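Engineer: The file below is query12.cif, mmCIF, C-alpha atoms:
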```cif
data_input
loop_
_atom_site.label_atom_id
_atom_site.label_comp_id
_atom_site.auth_asym_id
_atom_site.auth_seq_id
_atom_site.Cartn_x
_atom_site.Cartn_y
_atom_site.Cartn_z
CA MET A 1 -45.21 -8.43 -29.52
CA LYS A 2 -42.57 -7.15 -27.10
CA ASN A 3 -43.64 -9.76 -24.58
CA LYS A 4 -43.04 -12.60 -27.08
CA LYS A 5 -39.60 -11.24 -27.93
CA LEU A 6 -38.72 -10.97 -24.25
CA ILE A 7 -39.95 -14.51 -23.58
CA PHE A 8 -37.95 -15.77 -26.59
CA ILE A 9 -34.74 -14.07 -25.40
CA THR A 10 -35.27 -15.24 -21.81
CA GLN A 11 -35.91 -18.83 -22.87
CA ALA A 12 -32.91 -18.85 -25.21
CA ALA A 13 -30.66 -17.45 -22.48
CA ALA A 14 -31.94 -19.94 -19.89
CA ILE A 15 -31.44 -22.88 -22.26
CA ALA A 16 -27.95 -21.65 -23.18
CA ALA A 17 -27.03 -21.29 -19.51
CA MET A 18 -28.37 -24.74 -18.56
CA TYR A 19 -26.61 -26.42 -21.48
CA ALA A 20 -23.31 -24.63 -20.78
CA VAL A 21 -23.37 -25.33 -17.04
CA LEU A 22 -24.22 -29.01 -17.51
CA THR A 23 -21.54 -29.43 -20.18
CA LEU A 24 -18.83 -27.58 -18.24
CA ALA A 25 -19.64 -29.44 -15.01
CA GLN A 26 -19.58 -32.83 -16.71
CA GLY A 27 -16.45 -31.82 -18.64
CA ALA A 28 -14.66 -30.96 -15.41
CA ILE A 29 -15.63 -34.29 -13.82
CA LEU A 30 -15.75 -36.70 -16.79
CA PRO A 31 -14.03 -35.03 -19.75
CA TYR A 32 -13.77 -38.25 -21.76
CA LEU A 33 -17.56 -38.67 -21.74
CA THR A 34 -18.12 -35.01 -22.61
CA PHE A 35 -15.65 -34.27 -25.41
CA GLY A 36 -14.15 -36.43 -28.13
CA PRO A 37 -15.33 -39.46 -30.03
CA VAL A 38 -17.23 -41.26 -27.28
CA GLN A 39 -19.66 -38.75 -25.82
CA PHE A 40 -22.51 -39.19 -23.40
CA ARG A 41 -23.21 -35.51 -22.82
CA VAL A 42 -26.02 -35.18 -20.30
CA SER A 43 -26.64 -31.61 -21.50
CA GLU A 44 -27.81 -33.02 -24.84
CA VAL A 45 -31.07 -34.01 -23.15
CA LEU A 46 -31.96 -30.32 -23.45
CA THR A 47 -32.16 -30.69 -27.23
CA ILE A 48 -35.65 -32.07 -26.53
CA LEU A 49 -36.69 -28.47 -25.83
CA ALA A 50 -36.41 -27.77 -29.58
CA PHE A 51 -39.69 -29.67 -29.97
CA TYR A 52 -41.48 -27.08 -27.85
CA THR A 53 -39.90 -23.67 -28.42
CA PRO A 54 -37.93 -22.06 -31.25
CA ALA A 55 -35.88 -20.32 -28.54
CA ALA A 56 -34.10 -23.63 -28.07
CA ILE A 57 -32.40 -23.15 -31.44
CA PRO A 58 -30.18 -20.18 -30.46
CA GLY A 59 -30.11 -21.36 -26.84
CA LEU A 60 -28.62 -24.76 -27.61
CA THR A 61 -26.21 -23.25 -30.16
CA LEU A 62 -24.88 -20.62 -27.75
CA GLY A 63 -24.80 -23.11 -24.88
CA CYS A 64 -22.69 -25.42 -27.02
CA VAL A 65 -20.22 -22.62 -27.85
CA ILE A 66 -19.76 -21.89 -24.14
CA GLY A 67 -19.78 -25.55 -23.09
CA ASN A 68 -17.12 -26.48 -25.62
CA MET A 69 -14.64 -24.03 -24.10
CA LEU A 70 -13.19 -26.93 -22.07
CA SER A 71 -12.78 -29.19 -25.07
CA SER A 72 -9.29 -30.43 -25.85
CA LEU A 73 -10.04 -29.61 -29.49
CA GLY A 74 -10.36 -25.94 -28.54
CA PHE A 75 -11.50 -23.50 -31.17
CA LEU A 76 -12.47 -26.21 -33.66
CA ASP A 77 -14.96 -27.66 -31.17
CA MET A 78 -16.29 -24.17 -30.46
CA VAL A 79 -17.10 -23.86 -34.18
CA PHE A 80 -18.04 -27.34 -35.41
CA GLY A 81 -19.96 -28.45 -32.30
CA PRO A 82 -22.33 -25.46 -32.35
CA ILE A 83 -22.93 -25.90 -36.08
CA ALA A 84 -24.02 -29.48 -35.37
CA SER A 85 -26.21 -28.25 -32.49
CA LEU A 86 -27.75 -25.56 -34.67
CA LEU A 87 -28.61 -28.00 -37.47
CA ALA A 88 -29.94 -30.57 -34.99
CA ALA A 89 -32.15 -28.00 -33.24
CA LEU A 90 -33.44 -26.60 -36.54
CA THR A 91 -34.39 -30.02 -37.87
CA MET A 92 -35.89 -31.08 -34.53
CA TYR A 93 -38.05 -27.97 -34.46
CA GLY A 94 -39.06 -28.66 -38.06
CA LEU A 95 -40.01 -32.23 -37.16
CA ARG A 96 -41.74 -31.33 -33.88
CA ASN A 97 -45.15 -32.57 -35.10
CA VAL A 98 -43.89 -35.84 -36.60
CA ARG A 99 -44.74 -38.44 -33.98
CA PHE A 100 -44.56 -42.20 -33.66
CA LYS A 101 -47.02 -43.36 -31.01
CA THR A 102 -46.95 -39.88 -29.42
CA LEU A 103 -43.14 -39.76 -29.32
CA PRO A 104 -41.02 -37.47 -31.54
CA LEU A 105 -38.81 -40.41 -32.44
CA ILE A 106 -37.62 -39.21 -35.88
CA GLY A 107 -36.76 -35.75 -34.54
CA SER A 108 -34.87 -37.31 -31.64
CA LEU A 109 -32.47 -38.88 -34.13
CA MET A 110 -31.34 -35.49 -35.46
CA PRO A 111 -28.66 -34.75 -32.82
CA ALA A 112 -27.13 -38.17 -33.54
CA LEU A 113 -27.20 -37.54 -37.27
CA TRP A 114 -25.74 -34.01 -37.24
CA ASN A 115 -23.21 -34.57 -34.45
CA GLY A 116 -22.12 -37.87 -35.97
CA LEU A 117 -21.47 -36.21 -39.32
CA ILE A 118 -20.00 -32.90 -38.20
CA VAL A 119 -18.14 -33.88 -35.02
CA GLY A 120 -16.96 -37.11 -36.68
CA PHE A 121 -15.58 -34.99 -39.54
CA MET A 122 -13.94 -32.59 -37.07
CA ILE A 123 -12.24 -35.41 -35.14
CA GLU A 124 -10.88 -37.03 -38.32
CA LEU A 125 -9.79 -33.61 -39.60
CA THR A 126 -7.79 -32.95 -36.42
CA ASP A 127 -6.29 -36.44 -36.69
CA ALA A 128 -5.40 -35.77 -40.35
CA ILE A 129 -3.72 -32.51 -39.35
CA SER A 130 -1.78 -34.37 -36.65
CA ARG A 131 -0.69 -36.96 -39.18
CA LEU A 132 0.35 -34.15 -41.54
CA SER A 133 2.59 -32.67 -38.87
CA ALA A 134 4.05 -36.08 -38.08
CA SER A 135 4.59 -37.12 -41.70
CA GLY A 136 5.89 -33.75 -42.77
CA GLY A 137 3.94 -33.22 -45.91
CA GLU A 138 0.88 -35.16 -46.98
CA LEU A 139 -2.61 -34.51 -45.66
CA SER A 140 -4.45 -37.82 -45.41
CA PHE A 141 -8.13 -37.81 -44.48
CA TYR A 142 -9.35 -41.36 -43.93
CA PHE A 143 -13.03 -41.83 -44.73
CA VAL A 144 -13.21 -45.05 -42.70
CA ASN A 145 -11.87 -43.22 -39.63
CA PHE A 146 -14.47 -40.49 -40.19
CA LEU A 147 -17.20 -43.16 -40.22
CA ILE A 148 -15.84 -44.74 -37.03
CA TRP A 149 -15.52 -41.42 -35.17
CA GLY A 150 -18.91 -40.28 -36.43
CA GLY A 151 -20.45 -43.59 -35.46
CA TRP A 152 -19.15 -43.33 -31.89
CA VAL A 153 -20.40 -39.76 -31.55
CA ALA A 154 -23.80 -40.71 -33.01
CA LEU A 155 -24.06 -43.71 -30.69
CA GLY A 156 -23.46 -41.54 -27.62
CA GLU A 157 -26.06 -39.04 -28.85
CA LEU A 158 -28.56 -41.83 -29.42
CA GLY A 159 -27.93 -43.09 -25.92
CA VAL A 160 -28.63 -39.71 -24.37
CA LEU A 161 -31.71 -39.02 -26.47
CA LEU A 162 -33.26 -42.47 -26.17
CA ILE A 163 -32.38 -43.15 -22.52
CA LEU A 164 -32.84 -39.63 -21.11
CA GLY A 165 -34.41 -37.48 -23.83
CA LEU A 166 -37.57 -39.36 -24.69
CA PRO A 167 -38.52 -39.89 -21.01
CA PHE A 168 -37.79 -36.16 -20.46
CA CYS A 169 -40.15 -35.45 -23.37
CA LYS A 170 -42.89 -37.51 -21.72
CA VAL A 171 -42.41 -35.67 -18.41
CA ILE A 172 -42.63 -32.30 -20.17
CA GLU A 173 -45.87 -33.30 -21.87
CA LYS A 174 -47.41 -35.10 -18.90
CA THR A 175 -46.87 -32.12 -16.59
CA GLY A 176 -48.13 -29.61 -19.16
CA LEU A 177 -44.80 -27.83 -19.44
CA ASP A 178 -44.97 -28.16 -23.22
CA LYS A 179 -47.93 -25.74 -23.29
CA LYS A 180 -46.22 -23.29 -20.94
CA ILE A 181 -42.98 -22.96 -22.91
CA GLN A 182 -44.50 -22.75 -26.40
CA LEU A 183 -44.21 -19.29 -27.96
CA ALA A 184 -46.75 -19.69 -30.75
#
```
Mind converting the file's structure to structure tokens?

Structural biologist:
Amino acid sequence: MKNKKLIFITQAAAIAAMYAVLTLAQGAILPYLTFGPVQFRVSEVLTILAFYTPAAIPGLTLGCVIGNMLSSLGFLDMVFGPIASLLAALTMYGLRNVRFKTLPLIGSLMPALWNGLIVGFMIELTDAISRLSASGGELSFYFVNFLIWGGWVALGELGVLLILGLPFCKVIEKTGLDKKIQLA
């Protein structure tokens, strides 16, 4: 029992560290592809690990908190981004056995869904707050803007998961890593 707990904590910490390092490095080099409405966050490929170990759930969430420290949206991105990561990882883990021709295609859509909704909302909320400051009184949240922001975020997530994530999944399974990192 202790061994499983130790493995879980070690895996979660390693996933958090990898996600944070990849996000911070990309954010320092290409901040416009890492934070904001058009994201192609290479670290999101690690969400694939949620198909193989429940340790990915806290690992990805914590990694996102740390990785979002460079975001221009500051504290909001350190709250909303990890919530999206948490929900994506939870649903991916829940869908880990749902396969389409051996690929976890449905589960791979979850980061796009949750980040599109939550990060899209966060971006429009920050824009609404900016407009409130500029207009001096009325808070105006534009649903169409939310859909546009959310769509851009979701599109970037889909790009990462379909272009990098699914091939990463195949490599994990072909090399037998999936059996080595499973806790159950």

Engineer: Might you spell out which residues the PyMOL selection byres ((chain A and resi 38) around 10) would select in the displayed file, as a PDB file with C-alpha atoms, in the frame of the given file?

Structural biologist:
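Ended up saving to part-v2.pdb:
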```pdb
ATOM      1  CA  TYR A  32     -13.770 -38.250 -21.760  1.00  0.00           C
ATOM      2  CA  LEU A  33     -17.560 -38.670 -21.740  1.00  0.00           C
ATOM      3  CA  THR A  34     -18.120 -35.010 -22.610  1.00  0.00           C
ATOM      4  CA  PHE A  35     -15.650 -34.270 -25.410  1.00  0.00           C
ATOM      5  CA  GLY A  36     -14.150 -36.430 -28.130  1.00  0.00           C
ATOM      6  CA  PRO A  37     -15.330 -39.460 -30.030  1.00  0.00           C
ATOM      7  CA  GLN A  39     -19.660 -38.750 -25.820  1.00  0.00           C
ATOM      8  CA  PHE A  40     -22.510 -39.190 -23.400  1.00  0.00           C
ATOM      9  CA  ARG A  41     -23.210 -35.510 -22.820  1.00  0.00           C
ATOM     10  CA  TRP A 149     -15.520 -41.420 -35.170  1.00  0.00           C
ATOM     11  CA  GLY A 150     -18.910 -40.280 -36.430  1.00  0.00           C
ATOM     12  CA  GLY A 151     -20.450 -43.590 -35.460  1.00  0.00           C
ATOM     13  CA  TRP A 152     -19.150 -43.330 -31.890  1.00  0.00           C
ATOM     14  CA  VAL A 153     -20.400 -39.760 -31.550  1.00  0.00           C
ATOM     15  CA  ALA A 154     -23.800 -40.710 -33.010  1.00  0.00           C
ATOM     16  CA  LEU A 155     -24.060 -43.710 -30.690  1.00  0.00           C
ATOM     17  CA  GLY A 156     -23.460 -41.540 -27.620  1.00  0.00           C
ATOM     18  CA  GLU A 157     -26.060 -39.040 -28.850  1.00  0.00           C
TER      19      GLU A 157
END
```

Engineer: With all atoms listed in the file as the basis for distance, which of A:Phe8, A:Phe168, A:Phe51, A:Phe146 is at the shortest distance from Phe121 (chain A)?

Structural biologist: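 Closest to Phe121 (chain A) of all the choices is A:Phe146.
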
Engineer: Please identify all polymer residues lying at most 12 Å from the point (-39.5, -42.8, -32.9) (file coordinates), using all atoms listed in the file, and present the result as a PyMOL selection string.

Structural biologist: chain A and resi 95-110+158+161-162+165-166

Engineer: Smallest atom-to-atom distance to Gly27 (chain A): which of A:Gly67, A:Gly116, A:Gly59, A:Gly159, using all atoms listed in the file?

Structural biologist: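 Among A:Gly67, A:Gly116, A:Gly59, A:Gly159, it is A:Gly67 that comes nearest to Gly27 (chain A).
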
Engineer: Between A:Gln182, A:Leu164, A:Ala55, A:Leu132, which residue has the minimum interatomic distance to Leu86 (chain A), considering all atoms listed in the file?

Structural biologist: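 Ranked by minimum distance to Leu86 (chain A), first place goes to A:Ala55.
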